[in-house]
$ cat final-v1.cif   # mmCIF, C-alpha atoms
data_upload
#
loop_
_atom_site.label_atom_id
_atom_site.label_comp_id
_atom_site.auth_asym_id
_atom_site.auth_seq_id
_atom_site.Cartn_x
_atom_site.Cartn_y
_atom_site.Cartn_z
CA MET A 358 -3.70 -1.22 -1.11
CA GLN A 359 -1.61 1.26 0.83
CA GLN A 360 -0.10 4.62 0.03
CA LEU A 361 3.49 4.80 1.25
CA HIS A 362 4.51 8.32 2.11
CA TYR A 363 8.27 8.61 1.61
CA THR A 364 10.57 11.59 0.95
CA GLY A 365 7.67 13.88 0.18
CA ASP A 366 6.17 11.53 -2.40
CA THR A 367 3.44 8.91 -2.31
CA LEU A 368 3.89 5.37 -3.62
CA LEU A 369 1.13 2.80 -4.05
CA THR A 370 1.74 -0.81 -3.00
CA THR A 371 0.00 -3.80 -1.46
CA ASP A 372 -0.94 -4.06 2.20
CA ASP A 373 1.53 -6.92 2.75
CA VAL A 374 4.46 -5.09 1.14
CA ALA A 375 3.70 -1.90 3.09
CA ASN A 376 3.47 -3.82 6.36
CA ALA A 377 6.72 -5.73 5.77
CA LEU A 378 8.50 -2.54 4.68
CA LEU A 379 7.42 -0.66 7.81
CA THR A 380 8.45 -3.57 10.02
CA TYR A 381 11.90 -3.66 8.41
CA ALA A 382 12.26 0.13 8.58
CA SER A 383 11.48 -0.03 12.29
CA ALA A 384 14.09 -2.77 12.84
CA LEU A 385 16.69 -0.72 10.93
CA ALA A 386 15.92 2.35 13.04
CA ASP A 387 16.22 0.33 16.25
CA SER A 388 19.62 -1.01 15.16
CA HIS A 389 20.86 2.43 13.95
CA THR A 390 21.65 1.13 10.48
CA SER A 391 20.37 1.55 6.95
CA ASP A 392 19.71 -0.55 3.86
CA VAL A 393 18.47 -0.25 0.31
CA VAL A 394 15.42 -2.34 -0.56
CA VAL A 395 13.58 -2.96 -3.80
CA VAL A 396 9.80 -3.20 -3.60
CA PRO A 397 6.96 -3.39 -6.13
CA ILE A 398 4.80 -0.30 -6.51
CA LEU A 399 2.15 0.84 -8.97
CA ASP A 400 3.19 3.64 -11.30
CA GLN A 401 0.84 6.35 -12.54
CA ARG A 402 -0.43 4.10 -15.35
CA GLY A 403 -1.22 1.27 -12.95
CA ASP A 404 1.74 -0.89 -14.02
CA VAL A 405 3.81 -2.71 -11.42
CA VAL A 406 7.36 -1.35 -11.30
CA MET A 407 10.19 -1.89 -8.84
CA ALA A 408 11.26 1.01 -6.63
CA GLU A 409 14.56 1.27 -4.76
CA MET A 410 14.24 2.82 -1.33
CA LEU A 411 16.92 3.82 1.16
CA LEU A 412 15.73 3.06 4.67
CA GLY A 413 17.52 4.08 7.83
CA PRO A 414 17.15 5.59 11.29
CA ALA A 415 16.11 8.97 9.86
CA SER A 416 13.62 7.60 7.32
CA GLN A 417 10.25 9.22 7.57
CA LEU A 418 7.98 6.54 6.18
CA TYR A 419 4.33 5.91 6.88
CA SER A 420 1.37 4.37 5.10
CA THR A 421 -2.31 5.15 4.75
CA PRO A 422 -5.09 3.13 3.15
CA ALA A 423 -5.46 3.85 -0.56
CA ASP A 424 -8.82 4.36 -2.17
CA VAL A 425 -8.14 2.51 -5.42
CA ALA A 426 -10.77 1.17 -7.77
CA GLY A 427 -10.17 -2.13 -9.47
CA ASP A 428 -8.53 -5.40 -8.56
CA GLU A 429 -5.95 -5.78 -5.84
CA VAL A 430 -2.42 -6.12 -7.17
CA GLU A 431 -0.91 -9.55 -6.76
CA VAL A 432 1.44 -9.68 -3.77
CA ASP A 433 5.09 -10.37 -4.50
CA GLU A 434 5.47 -12.94 -1.74
CA ALA A 435 9.26 -13.23 -2.24
CA VAL A 436 9.69 -9.51 -1.49
CA VAL A 437 7.46 -9.72 1.58
CA GLN A 438 9.31 -12.76 2.94
CA ASP A 439 12.71 -11.14 2.27
CA LEU A 440 11.75 -7.97 4.16
CA ARG A 441 10.38 -9.99 7.07
CA MET A 442 13.53 -12.14 7.18
CA ARG A 443 15.76 -9.04 7.20
CA ALA A 444 13.76 -7.54 10.07
CA ARG A 445 13.91 -10.83 12.00
CA ARG A 446 17.70 -11.04 11.58
CA LEU A 447 18.14 -7.50 12.90
CA ARG A 448 15.89 -8.08 15.89
CA HIS A 449 17.19 -11.58 16.63
CA PRO A 450 20.75 -11.87 15.25
CA GLU A 451 21.21 -15.24 16.95
CA ALA A 452 18.48 -16.79 14.75
CA GLY A 453 20.03 -18.77 11.94
CA PRO A 454 18.98 -18.25 8.32
CA ASP A 455 18.01 -21.89 7.90
CA ARG A 456 16.13 -22.14 11.19
CA GLY A 457 13.65 -19.34 10.76
CA GLU A 458 12.61 -18.02 14.13
CA GLN A 459 14.09 -20.86 16.17
CA TRP A 460 16.78 -19.81 18.60
CA LEU A 461 20.29 -21.13 18.29
CA VAL A 462 21.55 -22.65 21.52
CA PRO A 463 25.32 -22.47 22.05
CA ASP A 464 27.14 -25.75 22.56
CA THR A 465 27.64 -26.30 26.27
CA ASP A 466 29.32 -29.08 28.13
CA LEU A 467 27.10 -30.09 31.03
CA ASP A 468 29.68 -32.42 32.60
#
$ encode --input "final-v1.cif" --output "structure tokens"
Amino acid sequence: MQQLHYTGDTLLTTDDVANALLTYASALADSHTSDVVVVPILDQRGDVVMAEMLLGPASQLYSTPADVAGDEVEVDEAVVQDLRMRARRLRHPEAGPDRGEQWLVPDTDLD
């Protein structure tokens, strides 16, 4: 588990979500753009809730390991994959959505 430090508050989420979120935030900062994302966090009662976060070039976001007793929260793999895909598209805009990380090669006539 990781504590996300964001806008003066601390949010608790899984390692995978925190990592994907930081990767996407970095890609947004590099491209000088912003986006709103929805990620699962643990509320004060330990229930999983969804949090909306505005990320952009000025976002001050970091994570630290959380000392949490109990079982690890189940990772929302769809959220993690979505954040990773968004980061990949920003860093490699020529990569097609259906080709993953493969590069698109423009049609060229070699004759």
$ resolve_selection --input "final-v1.cif" --expression "the PyMOL selection byres ((chain A and resi 368-384) around 9)" --output "CSV table (one decimal) with C-alpha atoms, keeping the file's coordinate frame"
chain,number,residue,atom,x,y,z
A,358,MET,CA,-3.7,-1.2,-1.1
A,359,GLN,CA,-1.6,1.3,0.8
A,360,GLN,CA,-0.1,4.6,0.0
A,361,LEU,CA,3.5,4.8,1.2
A,362,HIS,CA,4.5,8.3,2.1
A,363,TYR,CA,8.3,8.6,1.6
A,366,ASP,CA,6.2,11.5,-2.4
A,367,THR,CA,3.4,8.9,-2.3
A,385,LEU,CA,16.7,-0.7,10.9
A,386,ALA,CA,15.9,2.4,13.0
A,387,ASP,CA,16.2,0.3,16.2
A,388,SER,CA,19.6,-1.0,15.2
A,389,HIS,CA,20.9,2.4,14.0
A,390,THR,CA,21.6,1.1,10.5
A,391,SER,CA,20.4,1.6,7.0
A,392,ASP,CA,19.7,-0.6,3.9
A,394,VAL,CA,15.4,-2.3,-0.6
A,396,VAL,CA,9.8,-3.2,-3.6
A,397,PRO,CA,7.0,-3.4,-6.1
A,398,ILE,CA,4.8,-0.3,-6.5
A,399,LEU,CA,2.2,0.8,-9.0
A,400,ASP,CA,3.2,3.6,-11.3
A,405,VAL,CA,3.8,-2.7,-11.4
A,412,LEU,CA,15.7,3.1,4.7
A,413,GLY,CA,17.5,4.1,7.8
A,414,PRO,CA,17.2,5.6,11.3
A,416,SER,CA,13.6,7.6,7.3
A,418,LEU,CA,8.0,6.5,6.2
A,419,TYR,CA,4.3,5.9,6.9
A,420,SER,CA,1.4,4.4,5.1
A,422,PRO,CA,-5.1,3.1,3.2
A,423,ALA,CA,-5.5,3.8,-0.6
A,429,GLU,CA,-6.0,-5.8,-5.8
A,430,VAL,CA,-2.4,-6.1,-7.2
A,431,GLU,CA,-0.9,-9.6,-6.8
A,432,VAL,CA,1.4,-9.7,-3.8
A,433,ASP,CA,5.1,-10.4,-4.5
A,434,GLU,CA,5.5,-12.9,-1.7
A,436,VAL,CA,9.7,-9.5,-1.5
A,437,VAL,CA,7.5,-9.7,1.6
A,438,GLN,CA,9.3,-12.8,2.9
A,439,ASP,CA,12.7,-11.1,2.3
A,440,LEU,CA,11.8,-8.0,4.2
A,441,ARG,CA,10.4,-10.0,7.1
A,442,MET,CA,13.5,-12.1,7.2
A,443,ARG,CA,15.8,-9.0,7.2
A,444,ALA,CA,13.8,-7.5,10.1
A,445,ARG,CA,13.9,-10.8,12.0
A,447,LEU,CA,18.1,-7.5,12.9
A,448,ARG,CA,15.9,-8.1,15.9
$ atom_distance --input "final-v1.cif" --atom1 "atom CA of A:Ala415" --atom2 "atom CA of A:Pro450"
22.0 Å
$ atom_distance --input "final-v1.cif" --atom1 "atom CA of A:Gln417" --atom2 "atom CA of A:Arg402"
25.8 Å
$ atom_distance --input "final-v1.cif" --atom1 "atom CA of A:Gly365" --atom2 "atom CA of A:Ala408"
15.0 Å
$ closest_residue --input "final-v1.cif" --among "A:Ala435, A:Val425, A:His449, A:Thr364" --to "A:Val395" --atoms "all atoms listed in the file"
A:Ala435
$ decode --input "final-v1.cif" --residues "stretch 367-404 of chain A" --atoms "N, CA, C and O atoms" --output "CSV table (one decimal), in the first residue's frame"
chain,number,residue,atom,x,y,z
A,367,THR,N,-3.6,13.2,2.3
A,367,THR,CA,-3.0,11.9,2.1
A,367,THR,C,-4.1,10.9,1.8
A,367,THR,O,-5.1,10.8,2.5
A,368,LEU,N,-3.9,10.2,0.7
A,368,LEU,CA,-4.8,9.2,0.2
A,368,LEU,C,-4.1,7.8,0.2
A,368,LEU,O,-3.0,7.7,-0.1
A,369,LEU,N,-4.8,6.8,0.6
A,369,LEU,CA,-4.3,5.4,0.6
A,369,LEU,C,-4.7,4.6,-0.6
A,369,LEU,O,-5.9,4.6,-0.9
A,370,THR,N,-3.8,4.0,-1.3
A,370,THR,CA,-4.1,3.2,-2.5
A,370,THR,C,-3.1,2.1,-2.6
A,370,THR,O,-2.1,2.0,-1.9
A,371,THR,N,-3.3,1.3,-3.6
A,371,THR,CA,-2.4,0.1,-3.8
A,371,THR,C,-1.1,0.6,-4.5
A,371,THR,O,-1.0,1.7,-5.1
A,372,ASP,N,-0.1,-0.2,-4.4
A,372,ASP,CA,1.2,0.1,-5.0
A,372,ASP,C,1.1,0.3,-6.5
A,372,ASP,O,1.6,1.2,-7.1
A,373,ASP,N,0.3,-0.6,-7.2
A,373,ASP,CA,0.2,-0.5,-8.6
A,373,ASP,C,-0.6,0.7,-9.1
A,373,ASP,O,-0.2,1.4,-10.1
A,374,VAL,N,-1.6,1.1,-8.4
A,374,VAL,CA,-2.4,2.3,-8.7
A,374,VAL,C,-1.5,3.5,-8.5
A,374,VAL,O,-1.4,4.4,-9.3
A,375,ALA,N,-0.7,3.6,-7.4
A,375,ALA,CA,0.1,4.7,-7.1
A,375,ALA,C,1.2,4.9,-8.2
A,375,ALA,O,1.5,6.0,-8.7
A,376,ASN,N,1.8,3.7,-8.6
A,376,ASN,CA,2.8,3.8,-9.6
A,376,ASN,C,2.3,4.2,-10.9
A,376,ASN,O,2.9,5.1,-11.6
A,377,ALA,N,1.2,3.7,-11.3
A,377,ALA,CA,0.6,4.1,-12.6
A,377,ALA,C,0.1,5.6,-12.6
A,377,ALA,O,0.3,6.3,-13.6
A,378,LEU,N,-0.4,6.0,-11.5
A,378,LEU,CA,-0.8,7.4,-11.3
A,378,LEU,C,0.4,8.4,-11.4
A,378,LEU,O,0.4,9.4,-12.1
A,379,LEU,N,1.5,8.0,-10.8
A,379,LEU,CA,2.7,8.9,-10.9
A,379,LEU,C,3.3,8.9,-12.3
A,379,LEU,O,3.8,9.9,-12.7
A,380,THR,N,3.3,7.7,-12.9
A,380,THR,CA,3.8,7.6,-14.3
A,380,THR,C,2.9,8.5,-15.2
A,380,THR,O,3.5,9.3,-16.0
A,381,TYR,N,1.6,8.5,-15.1
A,381,TYR,CA,0.7,9.3,-15.9
A,381,TYR,C,0.9,10.8,-15.5
A,381,TYR,O,1.0,11.6,-16.4
A,382,ALA,N,1.0,11.1,-14.3
A,382,ALA,CA,1.2,12.5,-13.9
A,382,ALA,C,2.5,13.1,-14.5
A,382,ALA,O,2.6,14.2,-14.9
A,383,SER,N,3.6,12.3,-14.5
A,383,SER,CA,4.8,12.7,-15.1
A,383,SER,C,4.7,12.9,-16.6
A,383,SER,O,5.2,13.9,-17.1
A,384,ALA,N,3.9,12.0,-17.3
A,384,ALA,CA,3.7,12.2,-18.7
A,384,ALA,C,2.9,13.5,-19.0
A,384,ALA,O,3.2,14.2,-20.0
A,385,LEU,N,1.9,13.7,-18.2
A,385,LEU,CA,1.1,15.0,-18.3
A,385,LEU,C,2.0,16.2,-18.1
A,385,LEU,O,1.9,17.2,-18.9
A,386,ALA,N,2.8,16.2,-17.1
A,386,ALA,CA,3.7,17.3,-16.9
A,386,ALA,C,4.7,17.5,-18.0
A,386,ALA,O,4.9,18.7,-18.5
A,387,ASP,N,5.2,16.4,-18.6
A,387,ASP,CA,6.1,16.6,-19.7
A,387,ASP,C,5.4,17.1,-21.0
A,387,ASP,O,6.1,17.8,-21.8
A,388,SER,N,4.2,16.9,-21.1
A,388,SER,CA,3.4,17.3,-22.3
A,388,SER,C,2.7,18.7,-22.0
A,388,SER,O,1.9,19.1,-22.9
A,389,HIS,N,2.9,19.2,-20.8
A,389,HIS,CA,2.2,20.5,-20.4
A,389,HIS,C,0.7,20.5,-20.6
A,389,HIS,O,0.1,21.4,-21.1
A,390,THR,N,0.1,19.4,-20.1
A,390,THR,CA,-1.3,19.3,-20.2
A,390,THR,C,-1.9,18.7,-18.9
A,390,THR,O,-1.1,18.4,-18.0
A,391,SER,N,-3.2,18.7,-18.8
A,391,SER,CA,-3.8,18.2,-17.6
A,391,SER,C,-4.9,17.2,-17.9
A,391,SER,O,-5.4,17.1,-19.0
A,392,ASP,N,-5.4,16.5,-16.9
A,392,ASP,CA,-6.5,15.5,-17.1
A,392,ASP,C,-7.0,15.2,-15.7
A,392,ASP,O,-6.4,15.4,-14.7
A,393,VAL,N,-8.3,14.8,-15.7
A,393,VAL,CA,-8.9,14.3,-14.5
A,393,VAL,C,-9.0,12.8,-14.5
A,393,VAL,O,-9.4,12.2,-15.6
A,394,VAL,N,-8.6,12.2,-13.5
A,394,VAL,CA,-8.6,10.7,-13.4
A,394,VAL,C,-9.4,10.3,-12.2
A,394,VAL,O,-9.6,11.0,-11.2
A,395,VAL,N,-9.9,9.1,-12.2
A,395,VAL,CA,-10.6,8.5,-11.1
A,395,VAL,C,-9.9,7.2,-10.7
A,395,VAL,O,-9.7,6.3,-11.5
A,396,VAL,N,-9.5,7.2,-9.4
A,396,VAL,CA,-8.7,6.1,-8.9
A,396,VAL,C,-9.3,5.6,-7.6
A,396,VAL,O,-9.9,6.3,-6.9
A,397,PRO,N,-9.1,4.3,-7.3
A,397,PRO,CA,-9.6,3.7,-6.1
A,397,PRO,C,-8.7,4.1,-4.9
A,397,PRO,O,-7.5,4.0,-5.0
A,398,ILE,N,-9.3,4.5,-3.8
A,398,ILE,CA,-8.6,4.7,-2.6
A,398,ILE,C,-9.3,4.1,-1.4
A,398,ILE,O,-10.5,3.7,-1.6
A,399,LEU,N,-8.7,4.0,-0.3
A,399,LEU,CA,-9.3,3.6,0.9
A,399,LEU,C,-9.7,4.8,1.7
A,399,LEU,O,-8.9,5.7,2.0
A,400,ASP,N,-11.0,4.8,2.2
A,400,ASP,CA,-11.5,5.9,3.0
A,400,ASP,C,-11.1,5.6,4.5
A,400,ASP,O,-10.4,4.6,4.8
A,401,GLN,N,-11.5,6.5,5.4
A,401,GLN,CA,-11.1,6.3,6.8
A,401,GLN,C,-11.6,5.1,7.4
A,401,GLN,O,-11.1,4.6,8.4
A,402,ARG,N,-12.7,4.5,6.9
A,402,ARG,CA,-13.2,3.3,7.5
A,402,ARG,C,-12.6,2.0,6.8
A,402,ARG,O,-12.9,0.9,7.2
A,403,GLY,N,-11.8,2.2,5.8
A,403,GLY,CA,-11.2,1.1,5.2
A,403,GLY,C,-12.0,0.6,4.0
A,403,GLY,O,-11.6,-0.5,3.4
A,404,ASP,N,-13.0,1.3,3.6
A,404,ASP,CA,-13.8,1.0,2.4
A,404,ASP,C,-13.1,1.5,1.1
A,404,ASP,O,-12.6,2.7,1.1
